[in-house]
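K.L.:
Handing you this structure, nothing more for now.
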Amino acid sequence: MHNPTYLACKEFGYNFLAPMLSRYISALDEKKGNYLPVCLAREGWLLKQIIHDLQKNNLINLPHPPVYLKVSRTLLFRALLGHADLFAIALKNSYEGNLSSLFNSRFGLQNYEIEKIIPKPMLKMPVSLPEDTSSLIDLLTPYLSKFEALAAPTLNSVRNYFKSVGISDAAEPLLLDVGYSGTIQKLITLILERDTSGFYFIATKPGVSKVGNNNASMQGVLKENVALGDGYHLLDRSLFIECLLTAPHGQVADIREQYDGSFQFIYGRKAATQRQFQNLNAVHEGALDGVIYSLKNNIQYTTEEIEDLYYTFLKSRNAIPHTLWHLFSADDDISGNGIVNPLDLFGI
């Protein structure tokens, strides 16, 4: 007999996550073309499992088995240091701190690495993004060649990792993720130097964007043309989804190819969801059961139903079982905030 915590976690996954995942997977199943489903980053951990199980049970028919791509914005920012187009992408999101802490948290650089390139007095300079983006790009451009040399081992390992999982030269990769701005997709497009497509829960700017010499096309399933801060509940509070759609490992900070062709991943710190992954795994089991039930019985969820469900669960902390509260913990180092708790962040 399972304990009460396990049952509460599984039931919450069934009721909270399964409807939005069912809608997303059903839309993916209807998508035409010869694409390779690529489940991105930590949010792709559960997507990969669900798609694999649904294909095994003949509940969906995709052109290829899914691939799980273990990446993060931090890893790809580090890999592309020195690329002429990187800083325009990497410095557009909010950040408050000094230049040294920005390179620590957003690019995964150690202090000794930064100090080899940037003069120490400059590293104490306060940075406020996105307001300072343009001036900071001008300030950092003279150091591009040094950044490129520093990033070379990471970039080479990332490229070979991409080849090893089959996204470099097979069918066009269709990148699967929660969304919303497609930053990781754009970085992957720069590295692959080939067109990519993105299939998201929410897409802020759907359609085709030029990235380097290639195109990155983005599509949202639940909503398109909404930005963070516009008041759209599912996006503004998407941190709750990201807390639950995560992997047992921390954020990938770096990667190195080994002599035998395997890859060693270096991870950042773990949030509570990684430390208590047995409970999150129960949430995932419930979500998978709910998706299977929906697809077997042709149960369809509208965007409005999912929005209403999301709003209801997040209106009061008491709508979420107490045994799950510890799972709402996320790594927000990209913005300089460290580990954040969305229950506290949004005053629930």
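Lettering and numbering for the structure tokens are positional, with chains as A, B, ... in the shown order, residues counted from 1 in each chain, and ligands counted from 1 in the shown order.
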So which residues touch range 26-32 of chain A within 9 Å, counting only C-alpha atoms, skipping near sequence neighbours fewer than 5 positions away, as a ChimeraX atom specification?
P.N.:
/A:21,60-63,199,221,295,300
K.L.:
Give me, as JSON, numbers by chain, all polymer residues having an atom no more than 9 Å from Leu47 in chain A, counting only C-alpha atoms and skipping those fewer than 3 positions away in the same chain.
P.N.:
{"A": [21, 25, 39, 40, 43, 44, 50, 51, 52, 66, 68, 176, 177, 245]}
K.L.:
Let me see the file: selected residues, N, CA and C atoms, as a JSON list (two decimals), in the first residue's frame.
P.N.:
```json
[["chain", "number", "residue", "atom", "x", "y", "z"],
["A", 21, "LEU", "N", -1.01, 18.63, -20.45],
["A", 21, "LEU", "CA", -0.14, 17.73, -21.19],
["A", 21, "LEU", "C", -0.92, 16.97, -22.25],
["A", 25, "ILE", "N", 0.11, 17.09, -26.12],
["A", 25, "ILE", "CA", 0.49, 15.87, -26.83],
["A", 25, "ILE", "C", -0.48, 15.59, -27.97],
["A", 39, "CYS", "N", 12.90, 16.65, -26.95],
["A", 39, "CYS", "CA", 12.40, 17.13, -25.67],
["A", 39, "CYS", "C", 13.51, 17.90, -24.97],
["A", 40, "LEU", "N", 13.26, 19.18, -24.73],
["A", 40, "LEU", "CA", 14.33, 20.09, -24.32],
["A", 40, "LEU", "C", 14.48, 20.23, -22.82],
["A", 43, "GLU", "N", 12.57, 20.48, -18.51],
["A", 43, "GLU", "CA", 11.13, 20.34, -18.75],
["A", 43, "GLU", "C", 10.83, 19.19, -19.71],
["A", 44, "GLY", "N", 11.82, 18.81, -20.52],
["A", 44, "GLY", "CA", 11.60, 17.74, -21.48],
["A", 44, "GLY", "C", 11.71, 16.34, -20.90],
["A", 50, "ILE", "N", 6.50, 10.50, -21.45],
["A", 50, "ILE", "CA", 5.10, 10.40, -21.87],
["A", 50, "ILE", "C", 5.00, 10.01, -23.33],
["A", 51, "ILE", "N", 5.77, 10.68, -24.18],
["A", 51, "ILE", "CA", 5.72, 10.37, -25.62],
["A", 51, "ILE", "C", 6.15, 8.94, -25.88],
["A", 52, "HIS", "N", 7.21, 8.50, -25.20],
["A", 52, "HIS", "CA", 7.70, 7.13, -25.37],
["A", 52, "HIS", "C", 6.62, 6.12, -24.99],
["A", 66, "PRO", "N", 11.10, 9.95, -29.72],
["A", 66, "PRO", "CA", 11.59, 11.22, -29.16],
["A", 66, "PRO", "C", 13.03, 11.12, -28.70],
["A", 68, "TYR", "N", 15.75, 12.99, -25.96],
["A", 68, "TYR", "CA", 15.88, 13.90, -24.82],
["A", 68, "TYR", "C", 17.21, 14.63, -24.91],
["A", 176, "LEU", "N", 10.58, 20.59, -28.30],
["A", 176, "LEU", "CA", 9.38, 20.55, -27.47],
["A", 176, "LEU", "C", 9.70, 21.12, -26.09],
["A", 177, "ASP", "N", 8.89, 22.10, -25.65],
["A", 177, "ASP", "CA", 9.19, 22.75, -24.38],
["A", 177, "ASP", "C", 7.96, 23.54, -23.93],
["A", 245, "LEU", "N", 7.57, 20.14, -14.05],
["A", 245, "LEU", "CA", 8.12, 19.51, -15.25],
["A", 245, "LEU", "C", 9.63, 19.65, -15.22]]
```
K.L.:
Using DSSP assignments from the backbone, pull out every residue in range 25-246 of chain A that falls under strand (DSSP E) and give it to me as number ranges by chain.
P.N.:
A: 35-40, 67-69, 95-98, 126-129, 172-180, 196-203, 207-211, 214-224
K.L.:
For Ala272 in chain A, please output as a short mmCIF file (atom, residue, chain, number, x, y, z; two decimals) with C-alpha atoms, in the first residue's frame all residues within 7 Å (counting only C-alpha atoms; exclusion window: fewer than 5 positions along the same chain).
P.N.:
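Written file, selection-v1.cif:
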```
data_model
loop_
_atom_site.label_atom_id
_atom_site.label_comp_id
_atom_site.auth_asym_id
_atom_site.auth_seq_id
_atom_site.Cartn_x
_atom_site.Cartn_y
_atom_site.Cartn_z
CA HIS A 326 8.11 21.69 -0.84
CA LEU A 327 8.20 20.78 -4.55
CA SER A 329 11.25 25.42 -5.75
#
```
K.L.:
Rank nothing, just name the residue among A:Lys296, A:His284, A:Phe87, A:Asn318 nearest to Asn15 in chain A, using only C-alpha atoms.
P.N.:
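Counting only C-alpha atoms, the residue closest to Asn15 in chain A is A:His284.
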K.L.:
Using only C-alpha atoms, determine which residues lie at most 8 Å from Val283 in chain A, disregarding the query and same-chain residues fewer than 3 positions distant; provide the list as a PyMOL selection string.
P.N.:
chain A and resi 9-14+244+279-280+286-287
